[in-house]
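For reference, my_file.cif (mmCIF, C-alpha atoms):
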data_input
loop_
_atom_site.label_atom_id
_atom_site.label_comp_id
_atom_site.auth_asym_id
_atom_site.auth_seq_id
_atom_site.Cartn_x
_atom_site.Cartn_y
_atom_site.Cartn_z
CA MET A 1140 63.46 -25.12 73.50
CA SER A 1141 65.10 -21.90 74.56
CA SER A 1142 63.96 -20.20 71.36
CA ARG A 1143 60.30 -21.09 72.00
CA ALA A 1144 60.15 -20.34 75.74
CA PRO A 1145 60.18 -16.53 75.43
CA SER A 1146 57.32 -16.71 72.92
CA GLY A 1147 55.19 -18.81 75.27
CA GLU A 1148 55.98 -16.56 78.21
CA SER A 1149 55.10 -13.53 76.12
CA ARG A 1150 51.73 -15.06 75.22
CA ARG A 1151 51.01 -15.83 78.87
CA ARG A 1152 51.82 -12.26 79.86
CA SER A 1153 49.63 -10.97 77.03
CA ASP A 1154 46.70 -13.21 78.06
CA ALA A 1155 47.04 -12.16 81.71
CA SER A 1156 47.11 -8.50 80.69
CA ARG A 1157 44.02 -8.99 78.51
CA ARG A 1158 42.08 -10.66 81.35
CA THR A 1159 43.01 -7.85 83.74
CA THR A 1160 41.96 -5.27 81.18
CA ILE A 1161 38.58 -6.92 80.53
CA ARG A 1162 37.82 -7.11 84.28
CA ARG A 1163 38.36 -3.35 84.45
CA VAL A 1164 36.15 -2.70 81.42
CA SER A 1165 32.78 -3.25 83.11
CA ARG A 1166 33.83 -1.24 86.16
CA TRP A 1167 34.71 1.68 83.94
CA LEU A 1168 31.50 1.33 81.94
CA ALA A 1169 29.44 1.79 85.10
CA VAL A 1170 30.66 5.38 85.45
CA LEU A 1171 31.37 6.62 81.93
CA GLY A 1172 27.88 7.90 81.35
CA SER A 1173 27.16 9.62 84.64
CA ALA A 1174 28.89 8.28 87.39
CA SER A 1175 29.27 7.10 95.74
CA CYS A 1176 32.12 5.08 96.46
CA THR A 1177 32.01 1.57 97.91
CA LEU A 1178 33.85 -0.82 100.13
CA GLY A 1179 34.94 -4.17 98.75
CA ASP A 1180 37.71 -6.25 97.29
CA PRO A 1181 37.57 -6.71 93.48
CA ALA A 1182 39.36 -10.05 93.82
CA GLU A 1183 36.70 -11.34 96.18
CA ALA A 1184 33.95 -10.13 93.86
CA ASP A 1185 35.10 -12.60 91.17
CA GLU A 1186 34.36 -15.54 93.50
CA THR A 1187 30.62 -14.90 93.79
CA THR A 1188 27.76 -15.38 91.36
CA LEU A 1189 26.32 -11.88 91.63
CA LYS A 1190 28.74 -8.98 91.41
CA ALA A 1191 28.17 -5.28 91.81
CA VAL A 1192 29.89 -2.00 91.19
CA LEU A 1193 28.57 0.92 93.23
CA PHE A 1194 29.37 4.31 91.76
CA GLY A 1195 28.68 7.99 92.11
CA SER A 1196 29.61 11.31 90.56
CA MET A 1197 29.18 15.05 90.96
CA GLU A 1198 29.59 17.87 88.47
CA ALA A 1199 30.01 21.40 89.79
CA ALA A 1200 29.56 24.34 87.43
CA ALA A 1201 26.97 27.04 86.73
CA SER A 1202 24.59 24.08 86.88
CA THR A 1203 25.27 21.18 89.23
CA PHE A 1204 24.24 17.54 89.18
CA SER A 1205 25.10 14.48 91.24
CA SER A 1206 24.11 10.84 90.89
CA GLY A 1207 24.80 7.41 92.31
CA GLY A 1208 23.80 3.85 91.69
CA ALA A 1209 24.78 0.26 91.17
CA LYS A 1210 25.65 -1.95 88.25
CA LEU A 1211 24.96 -5.67 88.70
CA VAL A 1212 26.56 -8.45 86.67
CA PHE A 1213 25.10 -11.95 86.92
CA ASP A 1214 28.15 -13.93 85.79
CA ARG A 1215 31.59 -12.34 85.50
CA PHE A 1216 32.74 -8.85 84.57
CA GLU A 1217 34.96 -10.24 81.82
CA ARG A 1218 32.26 -12.31 80.06
CA ASP A 1219 29.30 -11.60 77.80
CA GLY A 1220 26.07 -11.61 79.76
CA PRO A 1221 23.07 -9.78 81.21
CA VAL A 1222 23.57 -6.73 83.40
CA ALA A 1223 21.37 -4.32 85.36
CA LEU A 1224 21.89 -0.64 86.11
CA VAL A 1225 20.04 1.35 88.80
CA THR A 1226 20.71 5.07 89.18
CA ALA A 1227 19.28 8.06 91.04
CA GLY A 1228 20.34 11.68 91.05
CA GLY A 1229 19.41 15.31 91.23
CA GLY A 1230 20.59 18.75 90.24
CA VAL A 1231 19.86 22.44 89.99
CA ARG A 1232 20.34 24.96 87.21
CA ARG A 1233 19.57 28.64 86.67
CA GLU A 1234 17.04 29.80 84.10
CA GLY A 1235 16.04 33.20 82.80
CA SER A 1236 18.03 36.25 81.75
CA GLY A 1237 17.46 39.80 80.55
CA SER A 1238 13.76 40.64 80.88
CA SER A 1239 12.93 37.13 82.11
CA PRO A 1240 12.95 36.50 85.86
CA ILE A 1241 15.79 34.42 87.25
CA ARG A 1242 14.56 31.03 88.40
CA MET A 1243 16.13 27.82 89.59
CA ARG A 1244 15.05 24.48 88.14
CA LEU A 1245 15.37 21.58 90.58
CA THR A 1246 15.43 18.13 89.01
CA THR A 1247 15.44 14.58 90.38
CA LEU A 1248 15.88 11.52 88.20
CA GLY A 1249 15.79 7.77 88.68
CA SER A 1250 16.00 4.74 86.42
CA ALA A 1251 16.15 0.93 86.57
CA LEU A 1252 17.62 -0.57 83.40
CA ALA A 1253 18.27 -4.06 82.13
CA GLY A 1254 20.88 -4.75 79.51
CA TYR A 1255 23.57 -6.93 78.02
CA GLN A 1256 27.33 -6.55 77.78
CA PHE A 1257 29.47 -7.78 74.90
CA ILE A 1258 33.10 -8.31 75.90
CA ARG A 1259 35.81 -8.44 73.24
CA ASP A 1260 39.60 -8.40 73.28
CA TRP A 1261 39.61 -4.73 72.22
CA GLY A 1262 37.06 -3.63 74.85
CA ALA A 1263 33.33 -3.84 75.50
CA VAL A 1264 29.89 -2.63 74.41
CA THR A 1265 26.94 -2.47 76.79
CA VAL A 1266 23.33 -1.59 75.96
CA PHE A 1267 20.53 -0.85 78.44
CA ALA A 1268 16.80 -0.12 78.35
CA GLY A 1269 14.18 0.38 81.04
CA PRO A 1270 11.84 2.77 82.86
CA GLU A 1271 12.85 6.15 84.21
CA ALA A 1272 11.10 8.76 86.36
CA SER A 1273 11.62 12.52 86.67
CA TRP A 1274 10.27 15.22 88.98
CA GLU A 1275 11.00 18.94 88.62
CA ALA A 1276 10.21 22.16 90.45
CA LEU A 1277 10.85 25.84 89.76
CA SER A 1278 11.89 28.24 92.50
CA GLY A 1279 12.50 31.95 92.72
CA PRO A 1280 15.12 33.89 94.72
CA GLY A 1281 15.88 32.23 98.05
CA PHE A 1282 14.63 28.90 96.63
CA VAL A 1283 11.01 29.91 97.23
CA LEU A 1284 8.87 27.34 95.42
CA VAL A 1285 7.11 28.80 92.39
CA GLN A 1286 5.85 25.71 90.57
CA ALA A 1287 5.98 21.97 91.21
CA MET A 1288 5.56 19.76 88.18
CA PRO A 1289 3.93 16.32 88.12
CA LEU A 1290 5.99 13.16 88.20
CA ARG A 1291 6.79 12.00 84.69
CA MET A 1292 7.53 8.44 83.62
CA GLY A 1293 9.25 7.32 80.48
CA LEU A 1294 11.68 4.98 78.74
CA ARG A 1295 15.45 5.29 78.92
CA LEU A 1296 17.91 3.87 76.40
CA GLN A 1297 21.62 3.84 77.16
CA GLY A 1298 24.65 2.62 75.27
CA GLU A 1299 28.31 2.57 76.32
CA VAL A 1300 31.45 1.68 74.41
CA TRP A 1301 34.91 1.14 75.88
CA ALA A 1302 37.81 0.49 73.55
CA ARG A 1303 41.59 0.26 73.66
CA PRO A 1304 42.96 1.22 70.22
CA THR A 1305 46.41 0.37 71.57
CA GLU A 1306 47.81 -1.08 74.79
CA THR A 1307 48.31 2.42 76.22
CA THR A 1308 45.19 4.26 75.01
CA LEU A 1309 41.55 4.36 76.06
CA ALA A 1310 38.56 5.61 74.03
CA THR A 1311 35.01 5.80 75.38
CA ALA A 1312 31.56 6.78 74.13
CA THR A 1313 28.28 7.11 76.01
CA LEU A 1314 24.79 7.81 74.64
CA ILE A 1315 21.67 8.29 76.80
CA LEU A 1316 18.15 8.98 75.52
CA GLY A 1317 15.20 9.54 77.89
CA SER A 1318 11.53 10.17 77.18
CA ALA A 1319 10.53 11.34 80.68
CA ARG A 1320 12.20 14.71 80.04
CA SER A 1321 12.74 14.26 76.29
CA ASP A 1322 16.47 14.63 76.84
CA ALA A 1323 19.65 13.32 75.25
CA TYR A 1324 23.28 13.10 76.37
CA VAL A 1325 26.43 12.18 74.47
CA ARG A 1326 29.98 11.99 75.83
CA LEU A 1327 33.21 11.09 74.04
CA SER A 1328 36.69 10.79 75.51
CA TRP A 1329 40.16 9.64 74.61
CA GLY A 1330 43.18 9.12 76.83
CA THR A 1331 46.69 7.77 76.96
CA ALA A 1332 48.28 6.00 79.93
CA LEU A 1333 50.29 8.50 81.95
CA LEU A 1334 51.02 8.98 85.67
CA GLY A 1335 48.86 6.03 86.72
CA ALA A 1336 45.72 7.02 84.79
CA TYR A 1337 44.41 7.62 81.29
CA LEU A 1338 44.80 11.32 80.49
CA GLY A 1339 43.24 13.10 77.54
CA PRO A 1340 40.43 15.25 76.11
CA GLU A 1341 36.69 14.82 76.54
CA ALA A 1342 33.61 16.43 75.02
CA ALA A 1343 29.91 16.19 75.89
CA VAL A 1344 26.59 17.66 74.82
CA TYR A 1345 23.19 17.59 76.55
CA GLY A 1346 19.75 18.89 75.62
CA ASP A 1347 16.14 18.55 76.73
CA ALA A 1348 12.60 19.64 75.86
CA THR A 1349 12.91 22.96 77.75
CA ASP A 1350 15.35 24.18 75.02
CA TYR A 1351 18.21 23.89 77.49
CA ARG A 1352 21.49 22.94 75.85
CA LYS A 1353 24.94 22.37 77.31
CA TRP A 1354 28.23 21.82 75.51
CA SER A 1355 31.31 20.78 77.49
CA VAL A 1356 34.95 20.49 76.47
CA GLY A 1357 37.76 19.57 78.84
CA LEU A 1358 40.41 17.16 80.04
CA HIS A 1359 39.98 14.00 82.08
CA ALA A 1360 42.06 11.60 84.17
CA THR A 1361 40.34 8.21 84.27
CA ASP A 1362 40.99 5.13 86.43
CA TYR A 1363 43.39 6.65 88.93
CA ALA A 1364 43.44 4.11 91.79
CA ILE A 1365 44.01 4.77 95.50
CA GLY A 1366 43.58 1.96 98.02
CA GLY A 1367 41.16 -0.01 95.87
CA TYR A 1368 39.05 3.01 94.90
CA HIS A 1369 39.04 4.23 91.31
CA PHE A 1370 38.54 7.85 90.26
CA ARG A 1371 37.77 9.93 87.22
CA LEU A 1372 38.46 13.66 87.44
CA SER A 1373 37.41 16.05 84.68
CA ALA A 1374 37.76 19.80 84.27
CA GLY A 1375 37.08 22.25 81.48
CA CYS A 1376 34.61 24.81 80.16
CA GLN A 1377 30.94 24.53 79.28
CA LEU A 1378 28.45 26.69 77.41
CA GLU A 1379 24.81 26.69 78.51
CA THR A 1380 21.82 28.07 76.61
CA PRO A 1381 19.55 30.03 76.75
CA LEU A 1382 21.89 31.83 79.19
CA ASN A 1383 24.66 31.69 76.57
CA GLN A 1384 27.40 31.87 79.17
CA TRP A 1385 30.69 30.04 79.33
CA SER A 1386 31.68 28.73 82.75
CA PRO A 1387 34.26 26.32 84.18
CA TYR A 1388 33.22 22.87 85.34
CA VAL A 1389 34.76 20.18 87.55
CA SER A 1390 33.49 16.59 87.67
CA LEU A 1391 34.50 13.77 90.00
CA ALA A 1392 33.44 10.12 89.83
CA VAL A 1393 34.36 7.34 92.29
CA TRP A 1394 33.72 3.61 92.00
CA ASN A 1395 34.79 0.20 93.25
CA ALA A 1396 33.64 -3.40 93.14
CA LEU A 1397 31.48 -4.68 95.99
#
Could you write out this file's structure as structure tokens?
Amino acid sequence: MSSRAPSGESRRRSDASRRTTIRRVSRWLAVLGSASCTLGDPAEADETTLKAVLFGSMEAAASTFSSGGAKLVFDRFERDGPVALVTAGGGVRREGSGSSPIRMRLTTLGSALAGYQFIRDWGAVTVFAGPEASWEALSGPGFVLVQAMPLRMGLRLQGEVWARPTETTLATATLILGSARSDAYVRLSWGTALLGAYLGPEAAVYGDATDYRKWSVGLHATDYAIGGYHFRLSAGCQLETPLNQWSPYVSLAVWNAL
């Protein structure tokens, strides 16, 4: 009996660790792609039929963008099932250089997506699709309005992958395609458990129909928890075209279960 007891206890600890990990998967997935903080107790959220994660993020660099939203799960975070994702955000970036006048492009975005999450022992995959809307305006010096563009509607596709290659590592991938602005975004990251978070490199690329491109390379600390709130902090360098200038960036995301 004594020779079998440690094995059974080890399996119970492993199963408990796996369930805890899977519960965290969907909460991370809500902010990996873009990622406002919320009040709530994750333990209480598991007792209700409808669960939500409210999230938000801000990136500060030569161009800035912030967004917030909610992810809704209709069963449990740790099970396969339908999900919904609602987001809204806005940003500003500089355009023009050399002989071209310097202008600022103001952008607002919103989307309401339906999807499905596939939960596995190694992690999770979530896919979304739904309508999106975008409105843009160009301004000159002093944010004097130069041109307001019509509201554009389109389709947004989004995919997110969370994986744990080992018990102490985290790998993520996010892909977003939108037809309202004819844009695309890809982000990859890897991290190892250290100092209460997953620390490691990240890389991202973004482009749209205006010939704007942005490449980012940096370091991230994901899932650092303080008082029930979870954070992701990123910092690094990014190159934007057609300005062709390198600049530092800092990104912060906050989320919690409601």
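Between CA of Leu1391 (chain A) and CA of His1359 (chain A) lies a distance of 9.6 Å.
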Tell me which protein, DNA and RNA residues are within 9 Å of Ser1273 (chain A), counting all atoms listed in the file, leaving out same-chain ones fewer than 5 positions away, and put them as a PDB file with C-alpha atoms, keeping the file's coordinate frame.
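Written output follows (around-v3.pdb):
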ATOM      1  CA  THR A1246      15.430  18.130  89.010  1.00  0.00           C
ATOM      2  CA  THR A1247      15.440  14.580  90.380  1.00  0.00           C
ATOM      3  CA  LEU A1248      15.880  11.520  88.200  1.00  0.00           C
ATOM      4  CA  GLY A1249      15.790   7.770  88.680  1.00  0.00           C
ATOM      5  CA  SER A1250      16.000   4.740  86.420  1.00  0.00           C
ATOM      6  CA  PRO A1289       3.930  16.320  88.120  1.00  0.00           C
ATOM      7  CA  LEU A1290       5.990  13.160  88.200  1.00  0.00           C
ATOM      8  CA  ARG A1291       6.790  12.000  84.690  1.00  0.00           C
ATOM      9  CA  MET A1292       7.530   8.440  83.620  1.00  0.00           C
ATOM     10  CA  GLY A1293       9.250   7.320  80.480  1.00  0.00           C
ATOM     11  CA  ALA A1319      10.530  11.340  80.680  1.00  0.00           C
ATOM     12  CA  ARG A1320      12.200  14.710  80.040  1.00  0.00           C
TER      13      ARG A1320
END
May I have the residues within 9 Å of Lys1353 (chain A) as number ranges by chain, using only C-alpha atoms and disregarding those fewer than 4 positions away in the same chain?
A: 1343-1346, 1377-1380
For this file, the PyMOL selection byres ((chain A and resi 1199) around 10) selects which residues, as a list of chain:residue names?
A:Met1197, A:Glu1198, A:Ala1200, A:Ala1201, A:Ser1202, A:Thr1203, A:Phe1204, A:Ser1205, A:Gly1230, A:Ala1374, A:Pro1387, A:Tyr1388, A:Val1389, A:Ser1390, A:Leu1391
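Our summary of the geometry notes that CA of Phe1267 (chain A) is positioned 22.1 Å from CA of Ala1348 (chain A).
Rounded to one decimal, CA of Val1356 (chain A) and CA of Arg1233 (chain A) lie 20.2 Å from each other.
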Tell me, counting only C-alpha atoms, for each residue of region 1221-1271 of chain A within 10 Å of region 1212-1216 of chain A, which pair of atoms is nearest and how far apart they are in Å to one decimal, in rows ordered by chain and increasing number, as a Markdown table.
| residue | atom | partner | partner_atom | distance |
| --- | --- | --- | --- | --- |
| A:Pro1221 | CA | A:Phe1213 | CA | 6.4 |
| A:Val1222 | CA | A:Val1212 | CA | 4.8 |
| A:Ala1223 | CA | A:Val1212 | CA | 6.8 |
| A:Leu1224 | CA | A:Val1212 | CA | 9.1 |
| A:Gly1254 | CA | A:Val1212 | CA | 9.9 |
| A:Tyr1255 | CA | A:Val1212 | CA | 9.3 |
| A:Gln1256 | CA | A:Phe1216 | CA | 9.0 |
| A:Ile1258 | CA | A:Phe1216 | CA | 8.7 |
Name the residues captured by the PyMOL selection byres ((chain A and resi 1294) around 8) when it is applied to the shown file; answer as a list in words.
Ala1268, Gly1269, Pro1270, Glu1271, Met1292, Gly1293, Arg1295, Leu1296, Gly1317, Ser1318 and Ala1319 of chain A
Got a sec to resolve the PyMOL selection byres ((chain A and resi 1207) around 6) on this structure and send the residues as a ChimeraX atom specification?
/A:1175,1194-1195,1206,1208,1226-1227
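Distances here use only C-alpha atoms; by that measure, the residue among A:Pro1280, A:Pro1381, A:Gly1330, A:Gly1228 closest to Ser1196 (chain A) is A:Gly1228.
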Of A:Asp1347, A:Glu1341, A:Asp1219, A:Asp1362, the one nearest to Ile1315 (chain A) when counting all atoms listed in the file is A:Asp1347
Choose the residue, out of A:Glu1234, A:Ser1373, A:Asp1322, A:Trp1354, that has the smallest atom-to-atom separation from Gly1339 (chain A); count all atoms listed in the file.
A:Ser1373
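Restricting the calculation to all atoms listed in the file, the smallest distance between Val1264 (chain A) and any of A:Asn1383, A:Ser1278, A:Gln1286, A:Thr1311 is found for A:Thr1311.
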Surrounding residues of Trp1329 (chain A) excluding itself and chain neighbours under 6 positions, 10 Å, all atoms listed in the file, as a tab-separated table (two decimals) with C-alpha atoms, keeping the file's coordinate frame:
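Just written: result-v9.tsv:
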chain	number	residue	atom	x	y	z
A	1302	ALA	CA	37.81	0.49	73.55
A	1303	ARG	CA	41.59	0.26	73.66
A	1304	PRO	CA	42.96	1.22	70.22
A	1308	THR	CA	45.19	4.26	75.01
A	1309	LEU	CA	41.55	4.36	76.06
A	1310	ALA	CA	38.56	5.61	74.03
A	1311	THR	CA	35.01	5.80	75.38
A	1312	ALA	CA	31.56	6.78	74.13
A	1337	TYR	CA	44.41	7.62	81.29
A	1338	LEU	CA	44.80	11.32	80.49
A	1339	GLY	CA	43.24	13.10	77.54
A	1340	PRO	CA	40.43	15.25	76.11
A	1341	GLU	CA	36.69	14.82	76.54
A	1342	ALA	CA	33.61	16.43	75.02
A	1358	LEU	CA	40.41	17.16	80.04
A	1359	HIS	CA	39.98	14.00	82.08
A	1360	ALA	CA	42.06	11.60	84.17
A	1361	THR	CA	40.34	8.21	84.27
